[in-house]
Amino acid sequence: MKSLEIRNLQKTYFDPYAGTKVTAVQDVSLDIREGEFVSVVGPSGCGKTTILNMVAGFLPATGGEIRVGGRPVKGPGADRGVVFQSFALFPWKTVLDNVGFGPKMRGVPKAERDRIAREYLALAGLSHAADRYPNELSGGMQQRVGVVRALANDPDVLLMDEPFASVDAQTRMTLQEELTRIWQEKQHTVLFITHDVGEAVFLADRVVVLSKGRVMRDIPVTLPRPRVWDEVTEDEDFKRLSAEVLHMVRAA
Amino acid sequence: MNPALQAWGYYARWTARWPGVAALVPFIPVVAIWWLVASLEVFPRAFFPGPAEVVRGFVDLTYKGILPAYLEDSVGRLLLGAGFGMAIGIPLGILVGLSQTAYRATWPIILFFQAIGDIAWLPILLIWFGFGLTTMTFVIVYTVVFPVVFNTVLGVRSVPRDLPRAALSLGAPRWRVLTEVILPGALPNIVTGLRNGLGYGWRALIAAEIIVGTSGIGFLMFDARRAGSATEIVLGMIVLGLLWYAVDAWILAPIERATGQRWGLVTRT
Ligand SMILES: Nc1ncnc2c1ncn2[C@@H]1O[C@H](COP(=O)(O)OP(=O)(O)OP(=O)(O)O)[C@@H](O)[C@H]1O
Ligand SMILES: [Mg+2]
């Protein structure tokens, strides 16, 4: 695992048709320690996706610096695993081959990468779906595969952009519980983006509230782990924190 | 049991076992009307042969070996042209689909040449290459290339942006993104382009053979006109239709289904 440092990050989009500039990220600094789980929340359009895309290396920053384990980020790389809101599974590959894709790119032989993929699929209770194609799975199952595919490549940092936004409420809670369980086992450094305040607090060690391209607040979450919804929902600290964060997001 | 129902039961079972049979059934009334018109001698027999004469002509030409040889020539030319057409069209389509610069640099030229049309090239091709295989191959390549290019560009552009991104963050180098994501993502469209291209190419080939040919189905028909044999002309027309049906229904359509539908990239029909 490695730390993630974001220093004075800035992004200005240029719209060639309108000829105007939009500053999506003003000035964001954020440090995530090794093995720490940080949620970023904020109202729609405050620049969350833009930040994640720059950390992932999909977009160039127009200012500031991003370092993973002290090394500056230049473009996408296997050290930063990404879980997409759109799942982004390869439709022409089976679940097993989707999960084994990262190891395949590293040159791991077929038998070995199948073993790795099966091990991770078992972790998410997906062993039975190994030979199916993504379009044969439910949305919840597809996103489990998305998470497992990122994990199986053993990244230093895990980046997730509203990964559970498009699954139903019950499945979402199950996926959140599974994610905390797997995270406790693997201790990845996680940058998790969401606009669901309950989700942010439930998962994270720290919740960062973003507003108009700036960090507004950085709140530690000290709820005991492992966390399961049945207990956390009743927890006074959880209720108080969620209310506080919700208030800030709405004021943002 | 009702005998009509029983007959329907037989029919359903037969066509389930041999789907080709079901494809022939719609032709029964067509052939029946043809036979009726021919045997009523509405038109003189020499101008309007009936099914029996055409079948006799088929047996005759097959026995002499002319039909198989000509068929082989035509199909061989089509495959050669289609091969070159794909070899040019697919890489060009991928390049144009991926690169905005390549798009701006080549698109006007592509549209310009598409507008000229395949047969319109024949006069100048005959001066350059004479009456031969080069001329015919050029015409087919020309016909196949455009649908392949257009559909490949469409296919490349329709790959969701997150898929190459996912591949890159899983450690794929750029060229692997091309082979593992862009190509398979564009494949259903490429196959559609090829299917269209071959359809146009087949028609262009027959036209080219009629003008240029020394063999082939198109030449057979044109040669028969000189000899005044309506039977052979009609036979040639039927062979064209049947052969295309076989290629499209038994080879191209299954490939298209196998790629797109299996992956959920296109909806099942
Ligand atoms: N490619 C682009 N070109 C121009 N402006 C953009 C582009 N992408 C995003 N923006 C603008 O940048 C701002 C931040 O967008 P971003 O997608 O990062 O927001 P977000 O916080 O992820 O919102 P949401 O919660 O709705 O996903 C918005 O005002 C958006 O309109
Ligand atoms: Mg977003």
# chains A, B, ... in the order shown; residues from 1 in each chain; ligands from 1
$ residues_near_ligand --ligand "ligand 1" --cutoff "12 Å" --atoms "only C-alpha atoms and all ligand atoms" --output "number ranges by chain"
A: 10-26, 40-54, 58-60, 84-85, 160-163, 165, 192-196, 209-214, 249, 252
$ interface_residues --of "chain A" --to "chain B" --cutoff "7 Å" --atoms "only C-alpha atoms" --output "VMD selection string"
chain A and resid 76 to 78 80 to 82 88 90 to 92 102 105 133 135 153
$ write_last_selection --atoms "all heavy atoms" --output "mmCIF file, in the first residue's frame"
data_model
loop_
_atom_site.group_PDB
_atom_site.id
_atom_site.type_symbol
_atom_site.label_atom_id
_atom_site.label_comp_id
_atom_site.auth_asym_id
_atom_site.auth_seq_id
_atom_site.Cartn_x
_atom_site.Cartn_y
_atom_site.Cartn_z
ATOM 1 N N PRO A 76 -2.426 7.223 -16.601
ATOM 2 C CA PRO A 76 -3.004 6.088 -15.886
ATOM 3 C C PRO A 76 -1.951 5.021 -15.606
ATOM 4 O O PRO A 76 -0.958 4.921 -16.326
ATOM 5 C CB PRO A 76 -4.043 5.528 -16.870
ATOM 6 C CG PRO A 76 -4.157 6.519 -17.972
ATOM 7 C CD PRO A 76 -2.914 7.335 -17.974
ATOM 8 N N GLY A 77 -2.162 4.248 -14.551
ATOM 9 C CA GLY A 77 -1.220 3.186 -14.237
ATOM 10 C C GLY A 77 -1.820 2.171 -13.291
ATOM 11 O O GLY A 77 -2.801 2.456 -12.600
ATOM 12 N N ALA A 78 -1.198 0.990 -13.255
ATOM 13 C CA ALA A 78 -1.737 -0.123 -12.478
ATOM 14 C C ALA A 78 -1.593 0.092 -10.971
ATOM 15 O O ALA A 78 -2.172 -0.662 -10.189
ATOM 16 C CB ALA A 78 -1.032 -1.414 -12.889
ATOM 17 N N ARG A 80 -2.838 2.546 -9.443
ATOM 18 C CA ARG A 80 -4.119 3.109 -9.011
ATOM 19 C C ARG A 80 -5.263 2.359 -9.664
ATOM 20 O O ARG A 80 -5.533 2.524 -10.845
ATOM 21 C CB ARG A 80 -4.209 4.600 -9.377
ATOM 22 C CG ARG A 80 -3.367 5.513 -8.480
ATOM 23 C CD ARG A 80 -2.829 6.679 -9.277
ATOM 24 N NE ARG A 80 -1.840 6.244 -10.251
ATOM 25 C CZ ARG A 80 -1.742 6.733 -11.478
ATOM 26 N NH1 ARG A 80 -2.555 7.659 -11.895
ATOM 27 N NH2 ARG A 80 -0.814 6.266 -12.291
ATOM 28 N N GLY A 81 -5.915 1.486 -8.890
ATOM 29 C CA GLY A 81 -7.066 0.748 -9.411
ATOM 30 C C GLY A 81 -8.298 1.622 -9.390
ATOM 31 O O GLY A 81 -8.491 2.398 -8.467
ATOM 32 N N VAL A 82 -9.119 1.520 -10.448
ATOM 33 C CA VAL A 82 -10.301 2.371 -10.534
ATOM 34 C C VAL A 82 -11.566 1.518 -10.612
ATOM 35 O O VAL A 82 -11.626 0.542 -11.356
ATOM 36 C CB VAL A 82 -10.228 3.291 -11.777
ATOM 37 C CG1 VAL A 82 -11.442 4.198 -11.842
ATOM 38 C CG2 VAL A 82 -8.948 4.120 -11.752
ATOM 39 N N ALA A 88 -17.887 -0.513 -16.268
ATOM 40 C CA ALA A 88 -16.816 -0.606 -17.266
ATOM 41 C C ALA A 88 -16.214 -1.996 -17.373
ATOM 42 O O ALA A 88 -15.007 -2.160 -17.539
ATOM 43 C CB ALA A 88 -15.712 0.435 -16.971
ATOM 44 N N PHE A 90 -15.538 -5.472 -19.463
ATOM 45 C CA PHE A 90 -15.389 -5.760 -20.887
ATOM 46 C C PHE A 90 -16.469 -6.764 -21.287
ATOM 47 O O PHE A 90 -16.436 -7.912 -20.846
ATOM 48 C CB PHE A 90 -13.997 -6.315 -21.182
ATOM 49 C CG PHE A 90 -12.886 -5.421 -20.684
ATOM 50 C CD1 PHE A 90 -11.953 -5.882 -19.776
ATOM 51 C CD2 PHE A 90 -12.798 -4.101 -21.118
ATOM 52 C CE1 PHE A 90 -10.950 -5.053 -19.301
ATOM 53 C CE2 PHE A 90 -11.793 -3.265 -20.653
ATOM 54 C CZ PHE A 90 -10.866 -3.739 -19.744
ATOM 55 N N PRO A 91 -17.424 -6.344 -22.135
ATOM 56 C CA PRO A 91 -18.591 -7.205 -22.420
ATOM 57 C C PRO A 91 -18.215 -8.497 -23.131
ATOM 58 O O PRO A 91 -18.945 -9.470 -23.053
ATOM 59 C CB PRO A 91 -19.463 -6.348 -23.338
ATOM 60 C CG PRO A 91 -18.917 -4.968 -23.275
ATOM 61 C CD PRO A 91 -17.495 -5.071 -22.852
ATOM 62 N N TRP A 92 -17.076 -8.506 -23.829
ATOM 63 C CA TRP A 92 -16.694 -9.685 -24.622
ATOM 64 C C TRP A 92 -15.812 -10.643 -23.827
ATOM 65 O O TRP A 92 -15.299 -11.599 -24.377
ATOM 66 C CB TRP A 92 -15.970 -9.256 -25.892
ATOM 67 C CG TRP A 92 -14.925 -8.217 -25.611
ATOM 68 C CD1 TRP A 92 -13.636 -8.438 -25.232
ATOM 69 C CD2 TRP A 92 -15.101 -6.803 -25.670
ATOM 70 N NE1 TRP A 92 -12.999 -7.246 -25.029
ATOM 71 C CE2 TRP A 92 -13.871 -6.228 -25.296
ATOM 72 C CE3 TRP A 92 -16.172 -5.972 -26.000
ATOM 73 C CZ2 TRP A 92 -13.693 -4.847 -25.242
ATOM 74 C CZ3 TRP A 92 -15.988 -4.613 -25.948
ATOM 75 C CH2 TRP A 92 -14.763 -4.057 -25.579
ATOM 76 N N GLY A 102 -5.989 -7.584 -15.369
ATOM 77 C CA GLY A 102 -4.807 -6.899 -14.842
ATOM 78 C C GLY A 102 -3.591 -7.819 -14.794
ATOM 79 O O GLY A 102 -2.539 -7.496 -15.360
ATOM 80 N N MET A 105 -2.121 -8.413 -18.167
ATOM 81 C CA MET A 105 -1.297 -7.322 -18.670
ATOM 82 C C MET A 105 0.089 -7.327 -18.026
ATOM 83 O O MET A 105 1.042 -6.810 -18.585
ATOM 84 C CB MET A 105 -1.975 -5.964 -18.421
ATOM 85 C CG MET A 105 -3.239 -5.745 -19.219
ATOM 86 S SD MET A 105 -2.987 -5.861 -21.005
ATOM 87 C CE MET A 105 -3.840 -7.389 -21.383
ATOM 88 N N TYR A 133 -20.999 -14.011 -18.895
ATOM 89 C CA TYR A 133 -20.616 -12.733 -19.471
ATOM 90 C C TYR A 133 -21.290 -11.610 -18.682
ATOM 91 O O TYR A 133 -22.360 -11.812 -18.114
ATOM 92 C CB TYR A 133 -21.027 -12.672 -20.947
ATOM 93 C CG TYR A 133 -20.092 -13.457 -21.823
ATOM 94 C CD1 TYR A 133 -20.270 -14.827 -22.017
ATOM 95 C CD2 TYR A 133 -18.990 -12.852 -22.422
ATOM 96 C CE1 TYR A 133 -19.397 -15.566 -22.797
ATOM 97 C CE2 TYR A 133 -18.112 -13.576 -23.201
ATOM 98 C CZ TYR A 133 -18.314 -14.935 -23.394
ATOM 99 O OH TYR A 133 -17.436 -15.642 -24.151
ATOM 100 N N ASN A 135 -23.142 -9.110 -19.326
ATOM 101 C CA ASN A 135 -24.543 -8.753 -19.582
ATOM 102 C C ASN A 135 -25.520 -9.808 -19.065
ATOM 103 O O ASN A 135 -26.717 -9.619 -19.122
ATOM 104 C CB ASN A 135 -24.781 -8.478 -21.073
ATOM 105 C CG ASN A 135 -24.794 -9.733 -21.900
ATOM 106 O OD1 ASN A 135 -23.929 -10.589 -21.759
ATOM 107 N ND2 ASN A 135 -25.780 -9.868 -22.760
ATOM 108 N N ASN A 153 -5.809 -6.862 -9.179
ATOM 109 C CA ASN A 153 -4.580 -6.348 -9.788
ATOM 110 C C ASN A 153 -3.644 -5.784 -8.728
ATOM 111 O O ASN A 153 -2.591 -5.247 -9.042
ATOM 112 C CB ASN A 153 -4.929 -5.280 -10.829
ATOM 113 C CG ASN A 153 -3.833 -5.094 -11.843
ATOM 114 O OD1 ASN A 153 -3.122 -6.048 -12.160
ATOM 115 N ND2 ASN A 153 -3.674 -3.877 -12.336
#
$ residues_around --residues "stretch 30-36 of chain B" --least-positions-apart "3" --cutoff "7 Å" --atoms "only C-alpha atoms" --output "NGL selection string"
:B and (27 or 39-40 or 50-51)
$ write_last_selection --atoms "N, CA and C atoms" --output "PDB file, in the first residue's frame"
ATOM      1  N   PHE B  27     -40.539 -19.247 -51.386  1.00  0.00           N
ATOM      2  CA  PHE B  27     -40.325 -19.234 -52.830  1.00  0.00           C
ATOM      3  C   PHE B  27     -41.340 -20.091 -53.581  1.00  0.00           C
ATOM      4  N   SER B  39     -46.162 -21.362 -68.621  1.00  0.00           N
ATOM      5  CA  SER B  39     -46.873 -22.431 -69.330  1.00  0.00           C
ATOM      6  C   SER B  39     -48.129 -21.912 -70.041  1.00  0.00           C
ATOM      7  N   LEU B  40     -48.656 -20.754 -69.610  1.00  0.00           N
ATOM      8  CA  LEU B  40     -49.760 -20.141 -70.346  1.00  0.00           C
ATOM      9  C   LEU B  40     -49.259 -19.473 -71.623  1.00  0.00           C
ATOM     10  N   GLY B  50     -39.558 -21.257 -68.654  1.00  0.00           N
ATOM     11  CA  GLY B  50     -40.175 -21.702 -67.406  1.00  0.00           C
ATOM     12  C   GLY B  50     -39.169 -22.360 -66.494  1.00  0.00           C
ATOM     13  N   PRO B  51     -39.610 -22.718 -65.288  1.00  0.00           N
ATOM     14  CA  PRO B  51     -38.713 -23.344 -64.309  1.00  0.00           C
ATOM     15  C   PRO B  51     -38.054 -24.610 -64.843  1.00  0.00           C
TER      16      PRO B  51
END
$ select_by_dssp --residues "stretch 145-235 of chain B" --states "alpha helix (DSSP H)" --output "ChimeraX atom specification"
/B:145-157,162-169,174-177,183-212,217-227,230-235
$ atom_distance --atom1 "atom CA of A:Glu36" --atom2 "atom CA of A:Asp205"
6.6 Å
$ select_by_dssp --residues "stretch 99-193 of chain A" --states "strand (DSSP E)" --output "number ranges by chain"
A: 157-161, 189-193
$ write_last_selection --atoms "all heavy atoms" --output "PDB file, in the first residue's frame"
ATOM      1  N   VAL A 157      -3.385   2.098  -4.521  1.00  0.00           N
ATOM      2  CA  VAL A 157      -4.478   2.984  -4.152  1.00  0.00           C
ATOM      3  C   VAL A 157      -5.715   2.563  -4.936  1.00  0.00           C
ATOM      4  O   VAL A 157      -5.617   2.203  -6.109  1.00  0.00           O
ATOM      5  CB  VAL A 157      -4.128   4.459  -4.504  1.00  0.00           C
ATOM      6  CG1 VAL A 157      -5.279   5.379  -4.159  1.00  0.00           C
ATOM      7  CG2 VAL A 157      -2.862   4.889  -3.794  1.00  0.00           C
ATOM      8  N   LEU A 158      -6.866   2.606  -4.264  1.00  0.00           N
ATOM      9  CA  LEU A 158      -8.115   2.259  -4.933  1.00  0.00           C
ATOM     10  C   LEU A 158      -8.947   3.528  -5.091  1.00  0.00           C
ATOM     11  O   LEU A 158      -9.179   4.241  -4.115  1.00  0.00           O
ATOM     12  CB  LEU A 158      -8.856   1.236  -4.074  1.00  0.00           C
ATOM     13  CG  LEU A 158      -9.937   0.386  -4.722  1.00  0.00           C
ATOM     14  CD1 LEU A 158      -9.387  -0.368  -5.917  1.00  0.00           C
ATOM     15  CD2 LEU A 158     -10.501  -0.590  -3.699  1.00  0.00           C
ATOM     16  N   LEU A 159      -9.375   3.815  -6.326  1.00  0.00           N
ATOM     17  CA  LEU A 159     -10.163   5.018  -6.594  1.00  0.00           C
ATOM     18  C   LEU A 159     -11.565   4.603  -7.006  1.00  0.00           C
ATOM     19  O   LEU A 159     -11.734   3.791  -7.912  1.00  0.00           O
ATOM     20  CB  LEU A 159      -9.518   5.821  -7.735  1.00  0.00           C
ATOM     21  CG  LEU A 159      -8.035   6.129  -7.573  1.00  0.00           C
ATOM     22  CD1 LEU A 159      -7.472   6.736  -8.845  1.00  0.00           C
ATOM     23  CD2 LEU A 159      -7.813   7.071  -6.389  1.00  0.00           C
ATOM     24  N   MET A 160     -12.581   5.132  -6.323  1.00  0.00           N
ATOM     25  CA  MET A 160     -13.942   4.719  -6.634  1.00  0.00           C
ATOM     26  C   MET A 160     -14.819   5.948  -6.801  1.00  0.00           C
ATOM     27  O   MET A 160     -14.900   6.787  -5.907  1.00  0.00           O
ATOM     28  CB  MET A 160     -14.481   3.826  -5.510  1.00  0.00           C
ATOM     29  CG  MET A 160     -13.547   2.665  -5.184  1.00  0.00           C
ATOM     30  SD  MET A 160     -14.073   1.714  -3.735  1.00  0.00           S
ATOM     31  CE  MET A 160     -15.069   0.469  -4.519  1.00  0.00           C
ATOM     32  N   ASP A 161     -15.488   6.066  -7.967  1.00  0.00           N
ATOM     33  CA  ASP A 161     -16.350   7.211  -8.233  1.00  0.00           C
ATOM     34  C   ASP A 161     -17.811   6.773  -8.222  1.00  0.00           C
ATOM     35  O   ASP A 161     -18.295   6.195  -9.191  1.00  0.00           O
ATOM     36  CB  ASP A 161     -15.999   7.826  -9.595  1.00  0.00           C
ATOM     37  CG  ASP A 161     -16.766   9.129  -9.838  1.00  0.00           C
ATOM     38  OD1 ASP A 161     -17.472   9.592  -8.922  1.00  0.00           O
ATOM     39  OD2 ASP A 161     -16.646   9.672 -10.953  1.00  0.00           O
ATOM     40  N   THR A 189      -5.308   1.720   0.416  1.00  0.00           N
ATOM     41  CA  THR A 189      -5.540   3.158   0.520  1.00  0.00           C
ATOM     42  C   THR A 189      -6.697   3.467  -0.424  1.00  0.00           C
ATOM     43  O   THR A 189      -6.627   3.123  -1.596  1.00  0.00           O
ATOM     44  CB  THR A 189      -4.274   3.912   0.062  1.00  0.00           C
ATOM     45  OG1 THR A 189      -3.156   3.381   0.771  1.00  0.00           O
ATOM     46  CG2 THR A 189      -4.406   5.398   0.292  1.00  0.00           C
ATOM     47  N   VAL A 190      -7.774   4.089   0.098  1.00  0.00           N
ATOM     48  CA  VAL A 190      -8.964   4.268  -0.743  1.00  0.00           C
ATOM     49  C   VAL A 190      -9.398   5.728  -0.823  1.00  0.00           C
ATOM     50  O   VAL A 190      -9.495   6.410   0.199  1.00  0.00           O
ATOM     51  CB  VAL A 190     -10.160   3.426  -0.225  1.00  0.00           C
ATOM     52  CG1 VAL A 190     -11.362   3.586  -1.155  1.00  0.00           C
ATOM     53  CG2 VAL A 190      -9.788   1.963  -0.094  1.00  0.00           C
ATOM     54  N   LEU A 191      -9.644   6.190  -2.047  1.00  0.00           N
ATOM     55  CA  LEU A 191     -10.314   7.473  -2.277  1.00  0.00           C
ATOM     56  C   LEU A 191     -11.689   7.145  -2.838  1.00  0.00           C
ATOM     57  O   LEU A 191     -11.812   6.619  -3.947  1.00  0.00           O
ATOM     58  CB  LEU A 191      -9.518   8.316  -3.274  1.00  0.00           C
ATOM     59  CG  LEU A 191     -10.173   9.627  -3.731  1.00  0.00           C
ATOM     60  CD1 LEU A 191     -10.375  10.578  -2.581  1.00  0.00           C
ATOM     61  CD2 LEU A 191      -9.331  10.287  -4.820  1.00  0.00           C
ATOM     62  N   PHE A 192     -12.718   7.416  -2.030  1.00  0.00           N
ATOM     63  CA  PHE A 192     -14.070   6.996  -2.381  1.00  0.00           C
ATOM     64  C   PHE A 192     -14.953   8.223  -2.576  1.00  0.00           C
ATOM     65  O   PHE A 192     -15.124   9.029  -1.660  1.00  0.00           O
ATOM     66  CB  PHE A 192     -14.636   6.119  -1.257  1.00  0.00           C
ATOM     67  CG  PHE A 192     -15.947   5.453  -1.581  1.00  0.00           C
ATOM     68  CD1 PHE A 192     -15.978   4.121  -1.973  1.00  0.00           C
ATOM     69  CD2 PHE A 192     -17.147   6.139  -1.485  1.00  0.00           C
ATOM     70  CE1 PHE A 192     -17.174   3.484  -2.266  1.00  0.00           C
ATOM     71  CE2 PHE A 192     -18.354   5.515  -1.788  1.00  0.00           C
ATOM     72  CZ  PHE A 192     -18.366   4.185  -2.171  1.00  0.00           C
ATOM     73  N   ILE A 193     -15.516   8.358  -3.778  1.00  0.00           N
ATOM     74  CA  ILE A 193     -16.328   9.532  -4.073  1.00  0.00           C
ATOM     75  C   ILE A 193     -17.802   9.174  -4.090  1.00  0.00           C
ATOM     76  O   ILE A 193     -18.186   8.134  -4.628  1.00  0.00           O
ATOM     77  CB  ILE A 193     -15.872  10.137  -5.408  1.00  0.00           C
ATOM     78  CG1 ILE A 193     -14.551  10.851  -5.132  1.00  0.00           C
ATOM     79  CG2 ILE A 193     -16.905  11.091  -5.969  1.00  0.00           C
ATOM     80  CD1 ILE A 193     -13.915  11.438  -6.303  1.00  0.00           C
TER      81      ILE A 193
END
$ residues_around --residues "stretch 211-222 of chain B" --least-positions-apart "2" --cutoff "12 Å" --atoms "only C-alpha atoms" --output "PyMOL selection string"
chain B and resi 61+66-78+119+122-123+125-127+129-137+139+202-209+224-241+243
$ residues_around --residues "stretch 179-188 of chain A" --least-positions-apart "2" --cutoff "7 Å" --atoms "only C-alpha atoms" --output "PyMOL selection string"
chain A and resi 1+35+156-158+175-177+190+203+226
$ atom_distance --atom1 "atom CA of B:Trp175" --atom2 "atom CA of A:Pro155"
21.5 Å
$ atom_distance --atom1 "atom CA of A:Asp218" --atom2 "atom CA of A:Ala243"
14.9 Å
$ residues_around --residues "B:Val141" --least-positions-apart "4" --cutoff "8 Å" --atoms "only C-alpha atoms" --output "ChimeraX atom specification"
/B:81-82,84-85,137,145,201
$ write_last_selection --atoms "all heavy atoms" --output "PDB file, in the first residue's frame"
ATOM      1  N   GLY B  81     -11.019  -9.475 -53.564  1.00  0.00           N
ATOM      2  CA  GLY B  81     -11.352  -8.056 -53.395  1.00  0.00           C
ATOM      3  C   GLY B  81     -11.729  -7.732 -51.961  1.00  0.00           C
ATOM      4  O   GLY B  81     -11.301  -6.730 -51.394  1.00  0.00           O
ATOM      5  N   ALA B  82     -12.541  -8.623 -51.352  1.00  0.00           N
ATOM      6  CA  ALA B  82     -12.988  -8.376 -49.984  1.00  0.00           C
ATOM      7  C   ALA B  82     -11.796  -8.402 -49.018  1.00  0.00           C
ATOM      8  O   ALA B  82     -11.729  -7.602 -48.081  1.00  0.00           O
ATOM      9  CB  ALA B  82     -14.016  -9.422 -49.572  1.00  0.00           C
ATOM     10  N   PHE B  84      -8.603  -7.611 -49.668  1.00  0.00           N
ATOM     11  CA  PHE B  84      -7.893  -6.334 -49.772  1.00  0.00           C
ATOM     12  C   PHE B  84      -8.715  -5.206 -49.158  1.00  0.00           C
ATOM     13  O   PHE B  84      -8.187  -4.332 -48.477  1.00  0.00           O
ATOM     14  CB  PHE B  84      -7.594  -5.999 -51.240  1.00  0.00           C
ATOM     15  CG  PHE B  84      -6.364  -6.683 -51.775  1.00  0.00           C
ATOM     16  CD1 PHE B  84      -6.446  -7.579 -52.833  1.00  0.00           C
ATOM     17  CD2 PHE B  84      -5.123  -6.411 -51.215  1.00  0.00           C
ATOM     18  CE1 PHE B  84      -5.313  -8.212 -53.330  1.00  0.00           C
ATOM     19  CE2 PHE B  84      -3.985  -7.032 -51.707  1.00  0.00           C
ATOM     20  CZ  PHE B  84      -4.082  -7.947 -52.765  1.00  0.00           C
ATOM     21  N   GLY B  85     -10.019  -5.260 -49.412  1.00  0.00           N
ATOM     22  CA  GLY B  85     -10.910  -4.215 -48.903  1.00  0.00           C
ATOM     23  C   GLY B  85     -10.852  -4.127 -47.389  1.00  0.00           C
ATOM     24  O   GLY B  85     -10.795  -3.040 -46.809  1.00  0.00           O
ATOM     25  N   THR B 137     -10.708  -6.621 -59.487  1.00  0.00           N
ATOM     26  CA  THR B 137     -10.352  -6.553 -58.071  1.00  0.00           C
ATOM     27  C   THR B 137     -10.456  -5.122 -57.576  1.00  0.00           C
ATOM     28  O   THR B 137     -10.990  -4.859 -56.504  1.00  0.00           O
ATOM     29  CB  THR B 137      -8.908  -7.070 -57.851  1.00  0.00           C
ATOM     30  OG1 THR B 137      -8.784  -8.335 -58.485  1.00  0.00           O
ATOM     31  CG2 THR B 137      -8.612  -7.211 -56.366  1.00  0.00           C
ATOM     32  N   VAL B 145     -14.499  -1.208 -49.482  1.00  0.00           N
ATOM     33  CA  VAL B 145     -13.772  -0.349 -48.552  1.00  0.00           C
ATOM     34  C   VAL B 145     -14.690   0.640 -47.816  1.00  0.00           C
ATOM     35  O   VAL B 145     -14.601   0.771 -46.602  1.00  0.00           O
ATOM     36  CB  VAL B 145     -12.634   0.396 -49.280  1.00  0.00           C
ATOM     37  CG1 VAL B 145     -12.346   1.734 -48.639  1.00  0.00           C
ATOM     38  CG2 VAL B 145     -11.379  -0.452 -49.256  1.00  0.00           C
ATOM     39  N   GLY B 201     -20.337  -5.418 -53.098  1.00  0.00           N
ATOM     40  CA  GLY B 201     -19.221  -5.942 -53.877  1.00  0.00           C
ATOM     41  C   GLY B 201     -19.675  -7.018 -54.850  1.00  0.00           C
ATOM     42  O   GLY B 201     -19.233  -7.076 -55.994  1.00  0.00           O
TER      43      GLY B 201
END
$ decode --residues "stretch 213-223 of chain A" --atoms "N, CA, C and O atoms" --output "PDB file, in the first residue's frame"
ATOM      1  N   GLY A 213     -15.157  23.314  -5.802  1.00  0.00           N
ATOM      2  CA  GLY A 213     -13.769  23.082  -6.155  1.00  0.00           C
ATOM      3  C   GLY A 213     -12.763  23.320  -5.047  1.00  0.00           C
ATOM      4  O   GLY A 213     -11.575  23.475  -5.300  1.00  0.00           O
ATOM      5  N   ARG A 214     -13.238  23.392  -3.763  1.00  0.00           N
ATOM      6  CA  ARG A 214     -12.326  23.523  -2.627  1.00  0.00           C
ATOM      7  C   ARG A 214     -12.728  22.562  -1.518  1.00  0.00           C
ATOM      8  O   ARG A 214     -13.891  22.180  -1.421  1.00  0.00           O
ATOM      9  N   VAL A 215     -11.745  22.214  -0.653  1.00  0.00           N
ATOM     10  CA  VAL A 215     -12.059  21.396   0.515  1.00  0.00           C
ATOM     11  C   VAL A 215     -12.674  22.305   1.569  1.00  0.00           C
ATOM     12  O   VAL A 215     -12.087  23.306   1.966  1.00  0.00           O
ATOM     13  N   MET A 216     -13.910  21.954   2.026  1.00  0.00           N
ATOM     14  CA  MET A 216     -14.559  22.800   3.006  1.00  0.00           C
ATOM     15  C   MET A 216     -14.292  22.280   4.412  1.00  0.00           C
ATOM     16  O   MET A 216     -14.010  23.056   5.321  1.00  0.00           O
ATOM     17  N   ARG A 217     -14.396  20.970   4.611  1.00  0.00           N
ATOM     18  CA  ARG A 217     -14.160  20.391   5.929  1.00  0.00           C
ATOM     19  C   ARG A 217     -13.546  19.004   5.780  1.00  0.00           C
ATOM     20  O   ARG A 217     -13.708  18.337   4.780  1.00  0.00           O
ATOM     21  N   ASP A 218     -12.852  18.576   6.821  1.00  0.00           N
ATOM     22  CA  ASP A 218     -12.198  17.267   6.839  1.00  0.00           C
ATOM     23  C   ASP A 218     -12.510  16.659   8.201  1.00  0.00           C
ATOM     24  O   ASP A 218     -12.004  17.124   9.219  1.00  0.00           O
ATOM     25  N   ILE A 219     -13.394  15.668   8.235  1.00  0.00           N
ATOM     26  CA  ILE A 219     -13.936  15.176   9.495  1.00  0.00           C
ATOM     27  C   ILE A 219     -13.529  13.726   9.750  1.00  0.00           C
ATOM     28  O   ILE A 219     -13.819  12.843   8.933  1.00  0.00           O
ATOM     29  N   PRO A 220     -12.855  13.440  10.874  1.00  0.00           N
ATOM     30  CA  PRO A 220     -12.510  12.050  11.187  1.00  0.00           C
ATOM     31  C   PRO A 220     -13.747  11.259  11.620  1.00  0.00           C
ATOM     32  O   PRO A 220     -14.649  11.808  12.267  1.00  0.00           O
ATOM     33  N   VAL A 221     -13.797   9.988  11.252  1.00  0.00           N
ATOM     34  CA  VAL A 221     -14.897   9.097  11.646  1.00  0.00           C
ATOM     35  C   VAL A 221     -14.295   8.008  12.522  1.00  0.00           C
ATOM     36  O   VAL A 221     -13.417   7.277  12.063  1.00  0.00           O
ATOM     37  N   THR A 222     -14.743   7.940  13.780  1.00  0.00           N
ATOM     38  CA  THR A 222     -14.098   6.993  14.695  1.00  0.00           C
ATOM     39  C   THR A 222     -15.006   5.830  15.078  1.00  0.00           C
ATOM     40  O   THR A 222     -14.772   5.158  16.060  1.00  0.00           O
ATOM     41  N   LEU A 223     -16.045   5.589  14.247  1.00  0.00           N
ATOM     42  CA  LEU A 223     -16.930   4.457  14.537  1.00  0.00           C
ATOM     43  C   LEU A 223     -16.119   3.164  14.578  1.00  0.00           C
ATOM     44  O   LEU A 223     -15.193   2.998  13.788  1.00  0.00           O
TER      45      LEU A 223
END
